[in-house]
$ cat my_file39.tsv   # TSV, C-alpha atoms and all ligand atoms
chain	number	residue	atom	x	y	z
E	1	MET	CA	123.95	20.32	120.20
E	2	ASP	CA	126.11	17.53	118.79
E	3	LEU	CA	128.72	19.62	117.00
E	4	LYS	CA	130.73	16.64	115.87
E	5	ALA	CA	127.82	15.20	113.94
E	6	LEU	CA	127.19	18.63	112.48
E	7	TYR	CA	130.76	19.00	111.28
E	8	ARG	CA	130.79	15.53	109.84
E	9	GLU	CA	127.65	15.87	107.82
E	10	VAL	CA	127.71	19.42	106.56
E	11	ILE	CA	131.12	21.03	107.00
E	12	LEU	CA	133.18	18.10	105.79
E	13	ASP	CA	130.93	17.59	102.79
E	14	HIS	CA	131.39	21.20	101.68
E	15	TYR	CA	135.09	21.12	102.58
E	16	LYS	CA	135.74	18.06	100.44
E	17	LYS	CA	133.47	19.16	97.61
E	18	PRO	CA	133.38	22.96	97.65
E	19	ARG	CA	130.53	24.31	95.54
E	20	ASN	CA	131.21	26.84	92.78
E	21	ALA	CA	134.96	26.33	93.20
E	22	GLU	CA	135.97	27.78	89.88
E	23	GLU	CA	137.31	30.96	88.37
E	24	LEU	CA	134.77	32.95	86.39
E	25	SER	CA	135.65	33.99	82.86
E	26	ALA	CA	134.17	37.46	83.18
E	27	PRO	CA	133.61	38.48	86.81
E	28	THR	CA	132.13	41.90	87.45
E	29	HIS	CA	133.09	41.86	91.14
E	30	GLU	CA	136.07	40.31	92.89
E	31	ALA	CA	137.52	40.47	96.40
E	32	LYS	CA	139.90	38.61	98.64
E	33	CYS	CA	139.92	37.92	102.36
E	34	LYS	CA	142.56	36.42	104.61
E	35	ASN	CA	142.43	35.20	108.17
E	36	PRO	CA	146.08	35.08	109.27
E	37	ALA	CA	145.24	33.66	112.70
E	38	CYS	CA	144.27	30.39	111.03
E	39	GLY	CA	145.80	30.70	107.55
E	40	ASP	CA	142.50	30.88	105.67
E	41	ARG	CA	142.29	32.65	102.31
E	42	ILE	CA	139.31	33.18	100.05
E	43	THR	CA	139.06	34.79	96.64
E	44	LEU	CA	135.49	35.46	95.63
E	45	GLN	CA	134.24	36.42	92.18
E	46	LEU	CA	130.74	37.47	91.24
E	47	GLN	CA	129.09	38.03	87.93
E	48	VAL	CA	126.31	40.52	88.46
E	49	GLU	CA	123.78	41.24	85.75
E	50	ASN	CA	120.64	43.32	86.18
E	51	GLU	CA	121.16	43.54	89.95
E	52	GLN	CA	121.29	39.76	90.17
E	53	VAL	CA	124.18	37.43	91.05
E	54	SER	CA	124.17	35.22	87.98
E	55	ALA	CA	127.42	33.38	88.73
E	56	VAL	CA	129.74	32.90	91.71
E	57	GLY	CA	133.30	31.59	91.81
E	58	MET	CA	135.17	30.81	95.01
E	59	ILE	CA	138.84	29.85	95.19
E	60	GLY	CA	140.18	29.26	98.66
E	61	ASN	CA	142.36	27.33	100.99
E	62	GLY	CA	142.37	26.95	104.73
E	63	CYS	CA	140.57	25.10	107.46
E	64	ALA	CA	137.38	23.10	107.01
E	65	ILE	CA	135.15	25.74	108.64
E	66	SER	CA	136.43	28.57	106.44
E	67	GLN	CA	136.09	26.61	103.22
E	68	ALA	CA	132.75	25.03	104.08
E	69	SER	CA	131.24	28.35	105.17
E	70	ALA	CA	132.41	30.00	101.95
E	71	SER	CA	131.10	27.11	99.87
E	72	MET	CA	127.69	27.34	101.56
E	73	MET	CA	127.74	31.11	101.02
E	74	THR	CA	128.17	30.67	97.27
E	75	GLU	CA	125.09	28.45	97.19
E	76	ALA	CA	123.10	30.95	99.25
E	77	ILE	CA	123.80	33.90	96.93
E	78	LYS	CA	123.90	32.27	93.50
E	79	GLY	CA	120.89	33.48	91.58
E	80	ALA	CA	119.94	35.95	94.32
E	81	SER	CA	119.35	39.64	93.82
E	82	LEU	CA	121.96	41.98	95.26
E	83	ALA	CA	119.46	42.98	97.95
E	84	GLN	CA	118.88	39.33	98.87
E	85	ALA	CA	122.64	38.66	99.01
E	86	GLN	CA	123.08	41.65	101.33
E	87	ALA	CA	120.22	40.41	103.52
E	88	VAL	CA	121.72	36.91	103.87
E	89	LEU	CA	125.11	38.46	104.64
E	90	ARG	CA	123.55	40.59	107.40
E	91	GLU	CA	121.67	37.66	108.87
E	92	PHE	CA	124.71	35.35	108.77
E	93	ARG	CA	126.83	38.01	110.49
E	94	ARG	CA	124.15	38.42	113.18
E	95	MET	CA	124.18	34.66	113.76
E	96	ILE	CA	127.95	34.11	113.83
E	97	VAL	CA	129.41	37.39	115.11
E	98	ASP	CA	126.59	38.72	117.29
E	99	GLY	CA	125.37	35.32	118.47
E	100	ALA	CA	121.77	36.30	117.75
E	101	GLU	CA	119.17	33.58	118.19
E	102	ASP	CA	116.07	35.27	116.71
E	103	LEU	CA	117.18	34.26	113.25
E	104	ASP	CA	115.38	34.10	109.93
E	105	LYS	CA	115.82	30.36	109.49
E	106	GLU	CA	114.02	30.32	106.17
E	107	MET	CA	116.51	32.79	104.76
E	108	LEU	CA	119.53	31.02	106.26
E	109	GLY	CA	118.55	27.54	105.12
E	110	ASP	CA	121.47	25.11	105.51
E	111	LEU	CA	123.61	27.91	106.91
E	112	ILE	CA	121.84	27.44	110.23
E	113	THR	CA	124.02	24.35	110.74
E	114	LEU	CA	126.98	26.71	111.31
E	115	GLN	CA	125.22	28.44	114.21
E	116	GLY	CA	127.29	26.61	116.87
E	117	ILE	CA	130.42	28.38	115.65
E	118	ALA	CA	129.15	31.60	117.23
E	119	LYS	CA	130.14	30.05	120.56
E	120	LEU	CA	133.59	28.95	119.32
E	121	HIS	CA	135.15	32.42	119.38
E	122	ALA	CA	138.44	31.27	117.86
E	123	ARG	CA	136.60	30.04	114.79
E	124	VAL	CA	134.29	33.00	114.12
E	125	LYS	CA	136.81	34.57	111.74
E	126	CYS	CA	137.13	31.26	109.91
E	127	ALA	CA	133.37	31.15	109.36
E	128	MET	CA	133.30	34.83	108.30
E	129	CYS	CA	136.22	34.75	105.84
E	130	GLY	CA	134.16	34.02	102.72
E	131	TRP	CA	131.43	36.40	103.85
E	132	SER	CA	133.89	39.23	104.42
E	133	ALA	CA	135.10	38.62	100.87
E	134	LEU	CA	131.46	38.85	99.73
E	135	GLU	CA	130.99	42.13	101.57
E	136	ALA	CA	134.17	43.53	100.02
E	137	ALA	CA	133.15	42.31	96.57
E	138	LEU	CA	129.72	43.96	96.83
E	139	GLU	CA	131.43	47.20	97.89
E	140	GLN	CA	133.96	46.90	95.03
E	141	GLN	CA	136.79	47.02	97.56
E	142	GLU	CA	140.07	46.21	95.86
E	143	GLU	CA	142.29	45.84	98.89
E	144	GLU	CA	142.42	42.36	100.44
E	145	VAL	CA	140.42	42.12	103.68
E	146	ASP	CA	142.57	41.16	106.67
E	147	LEU	CA	140.42	39.76	109.47
E	148	ASP	CA	143.23	40.42	111.97
E	149	GLN	CA	142.47	44.10	111.40
E	150	ASP	CA	138.68	43.75	111.67
E	151	GLN	CA	137.61	45.17	115.02
E	152	SER	CA	134.08	43.79	114.67
E	153	MET	CA	135.43	40.25	115.10
E	154	PRO	CA	136.03	38.61	118.47
E	155	ALA	CA	139.65	38.04	119.52
E	156	SER	CA	140.93	34.82	118.03
E	157	ASN	CA	143.12	33.74	120.92
E	158	ARG	CA	140.30	32.38	123.03
E	159	SER	CA	139.40	28.76	123.57
E	160	GLY	CA	137.45	26.64	121.20
E	161	GLY	CA	138.31	24.76	118.07
E	162	MET	CA	137.82	21.70	116.06
E	201	ZN	ZN	140.22	28.73	109.82
$ encode --input "my_file39.tsv" --output "structure tokens"
Amino acid sequence: MDLKALYREVILDHYKKPRNAEELSAPTHEAKCKNPACGDRITLQLQVENEQVSAVGMIGNGCAISQASASMMTEAIKGASLAQAQAVLREFRRMIVDGAEDLDKEMLGDLITLQGIAKLHARVKCAMCGWSALEAALEQQEEEVDLDQDQSMPASNRSGGM
């Protein structure tokens, strides 16, 4: 796979123009995630009405992968039911953290372009930062997620990078 072309087209576009990058006026759910190994931070807000994500707000800073992945996540869950948002979260985690290849490509949509990051172990936490914030938001977890403390993530001191 030509990862450079992938980064150029998709990641940099989302990094430069993050989608839903705004604070919501009346969020019903909010969570934060940090990835100290890289310096990524994401604050995610959701407005949930009738079991549906009616609005999403994402404020973050950090590397291109973290911000692009979070931006793509907001597009994937906006307008989705809570069950659909959970399903996309599970499938994305399987792709990036578990390295699964029998993926539901229809469900993942554009997110499939991040698949190569599963092999760049140092960047897995970057790609998961926004999604860990989503998981925490859905669980109404108030404490900031620290990916350095997340044992389900691969060690970040391995090779790979952008
Ligand atoms: Zn990062």
$ residues_around --input "my_file39.tsv" --residues "range 58-73 of chain E" --least-positions-apart "5" --cutoff "9 Å" --atoms "all atoms listed in the file" --output "PyMOL selection string"
chain E and resi 7+10-24+35+38-46+78+88-89+110-111+114+117+123+125-131+134+162
$ closest_residue --input "my_file39.tsv" --among "E:Thr28, E:Gln149, E:Ser132, E:Thr74" --to "Val48 in chain E" --atoms "all atoms listed in the file"
E:Thr28
$ residues_around --input "my_file39.tsv" --residues "range 96-102 of chain E" --least-positions-apart "2" --cutoff "10 Å" --atoms "all atoms listed in the file" --output "list in words"
Glu91, Phe92, Arg93, Arg94, Asp104, Lys105, Ile112, Leu114, Gln115, Gly116, Ile117, Ala118, Lys119, Leu120, His121, Arg123, Val124, Lys125, Ala127, Met128, Ser152, Met153 and Pro154 of chain E
$ atom_distance --input "my_file39.tsv" --atom1 "CA of Glu142 in chain E" --atom2 "CA of Met95 in chain E"
26.6 Å
$ closest_residue --input "my_file39.tsv" --among "E:Ala122, E:Glu139, E:Thr113, E:Glu9" --to "ligand ZN 201 (chain E)" --atoms "all atoms listed in the file"
E:Ala122
$ closest_residue --input "my_file39.tsv" --among "E:Cys33, E:Ala5, E:Met107, E:Ser25" --to "ligand ZN 201 (chain E)" --atoms "all atoms listed in the file"
E:Cys33
$ closest_residue --input "my_file39.tsv" --among "E:Leu147, E:Ala87, E:Leu82, E:Ala55" --to "ligand ZN 201 (chain E)" --atoms "all atoms listed in the file"
E:Leu147
$ atom_distance --input "my_file39.tsv" --atom1 "CA of Arg90 in chain E" --atom2 "CA of Gln52 in chain E"
17.4 Å
$ closest_residue --input "my_file39.tsv" --among "E:Glu135, E:Asp150, E:Gln84, E:Lys34" --to "Glu51 in chain E" --atoms "only C-alpha atoms"
E:Gln84
$ atom_distance --input "my_file39.tsv" --atom1 "CA of Glu49 in chain E" --atom2 "CA of Glu75 in chain E"
17.2 Å
$ closest_residue --input "my_file39.tsv" --among "E:Ala26, E:Ala80, E:Arg8, E:Pro36" --to "ligand ZN 201 (chain E)" --atoms "only C-alpha atoms and all ligand atoms"
E:Pro36
$ axis_aligned_box --input "my_file39.tsv" --around "range 54-68 of chain E" --padding-each-side "6 Å" --output "JSON"
{"center_x": 133.3, "center_y": 29.2, "center_z": 98.3, "size_x": 30.2, "size_y": 24.1, "size_z": 32.7}
$ decode --input "my_file39.tsv" --residues "range 4-28 of chain E" --atoms "N, CA and C atoms" --output "mmCIF file, in the first residue's frame"
data_model
loop_
_atom_site.group_PDB
_atom_site.id
_atom_site.type_symbol
_atom_site.label_atom_id
_atom_site.label_comp_id
_atom_site.auth_asym_id
_atom_site.auth_seq_id
_atom_site.Cartn_x
_atom_site.Cartn_y
_atom_site.Cartn_z
ATOM 1 N N LYS E 4 2.085 6.956 1.769
ATOM 2 C CA LYS E 4 2.294 8.392 1.598
ATOM 3 C C LYS E 4 1.138 9.045 0.844
ATOM 4 N N ALA E 5 0.693 8.365 -0.195
ATOM 5 C CA ALA E 5 -0.433 8.902 -0.965
ATOM 6 C C ALA E 5 -1.678 8.964 -0.092
ATOM 7 N N LEU E 6 -1.829 7.921 0.727
ATOM 8 C CA LEU E 6 -2.971 7.841 1.629
ATOM 9 C C LEU E 6 -2.969 9.020 2.598
ATOM 10 N N TYR E 7 -1.835 9.251 3.217
ATOM 11 C CA TYR E 7 -1.729 10.357 4.169
ATOM 12 C C TYR E 7 -2.040 11.678 3.487
ATOM 13 N N ARG E 8 -1.460 11.845 2.307
ATOM 14 C CA ARG E 8 -1.633 13.110 1.612
ATOM 15 C C ARG E 8 -3.098 13.394 1.367
ATOM 16 N N GLU E 9 -3.760 12.414 0.804
ATOM 17 C CA GLU E 9 -5.129 12.656 0.358
ATOM 18 C C GLU E 9 -6.136 12.754 1.488
ATOM 19 N N VAL E 10 -6.072 11.838 2.406
ATOM 20 C CA VAL E 10 -7.136 11.765 3.417
ATOM 21 C C VAL E 10 -6.733 12.404 4.736
ATOM 22 N N ILE E 11 -5.608 11.975 5.285
ATOM 23 C CA ILE E 11 -5.226 12.451 6.618
ATOM 24 C C ILE E 11 -4.962 13.948 6.615
ATOM 25 N N LEU E 12 -4.187 14.409 5.648
ATOM 26 C CA LEU E 12 -3.867 15.841 5.646
ATOM 27 C C LEU E 12 -5.096 16.694 5.397
ATOM 28 N N ASP E 13 -6.013 16.197 4.598
ATOM 29 C CA ASP E 13 -7.246 16.963 4.359
ATOM 30 C C ASP E 13 -8.033 17.140 5.650
ATOM 31 N N HIS E 14 -8.183 16.038 6.404
ATOM 32 C CA HIS E 14 -8.916 16.134 7.679
ATOM 33 C C HIS E 14 -8.126 16.926 8.718
ATOM 34 N N TYR E 15 -6.798 16.797 8.671
ATOM 35 C CA TYR E 15 -5.947 17.518 9.635
ATOM 36 C C TYR E 15 -6.064 19.029 9.413
ATOM 37 N N LYS E 16 -6.034 19.436 8.166
ATOM 38 C CA LYS E 16 -6.092 20.868 7.859
ATOM 39 C C LYS E 16 -7.497 21.429 8.029
ATOM 40 N N LYS E 17 -8.490 20.599 7.752
ATOM 41 C CA LYS E 17 -9.883 21.055 7.836
ATOM 42 C C LYS E 17 -10.682 20.085 8.687
ATOM 43 N N PRO E 18 -10.402 20.029 9.991
ATOM 44 C CA PRO E 18 -11.123 19.058 10.827
ATOM 45 C C PRO E 18 -12.627 19.303 10.781
ATOM 46 N N ARG E 19 -13.379 18.223 10.646
ATOM 47 C CA ARG E 19 -14.836 18.316 10.560
ATOM 48 C C ARG E 19 -15.427 18.419 11.977
ATOM 49 N N ASN E 20 -16.499 19.152 12.085
ATOM 50 C CA ASN E 20 -17.208 19.290 13.377
ATOM 51 C C ASN E 20 -16.302 19.820 14.480
ATOM 52 N N ALA E 21 -15.366 20.685 14.108
ATOM 53 C CA ALA E 21 -14.412 21.237 15.085
ATOM 54 C C ALA E 21 -15.014 22.466 15.750
ATOM 55 N N GLU E 22 -15.955 22.202 16.637
ATOM 56 C CA GLU E 22 -16.628 23.309 17.307
ATOM 57 C C GLU E 22 -17.151 22.836 18.657
ATOM 58 N N GLU E 23 -17.306 23.785 19.565
ATOM 59 C CA GLU E 23 -17.900 23.443 20.853
ATOM 60 C C GLU E 23 -19.412 23.488 20.728
ATOM 61 N N LEU E 24 -20.064 22.488 21.294
ATOM 62 C CA LEU E 24 -21.526 22.461 21.256
ATOM 63 C C LEU E 24 -22.085 23.351 22.361
ATOM 64 N N SER E 25 -23.246 23.923 22.098
ATOM 65 C CA SER E 25 -23.838 24.811 23.106
ATOM 66 C C SER E 25 -24.458 24.012 24.248
ATOM 67 N N ALA E 26 -24.979 22.839 23.936
ATOM 68 C CA ALA E 26 -25.644 22.061 24.989
ATOM 69 C C ALA E 26 -25.326 20.566 24.853
ATOM 70 N N PRO E 27 -24.062 20.197 25.074
ATOM 71 C CA PRO E 27 -23.718 18.765 24.953
ATOM 72 C C PRO E 27 -24.346 17.938 26.074
ATOM 73 N N THR E 28 -24.768 16.737 25.733
ATOM 74 C CA THR E 28 -25.282 15.823 26.749
ATOM 75 C C THR E 28 -24.183 14.876 27.225
#
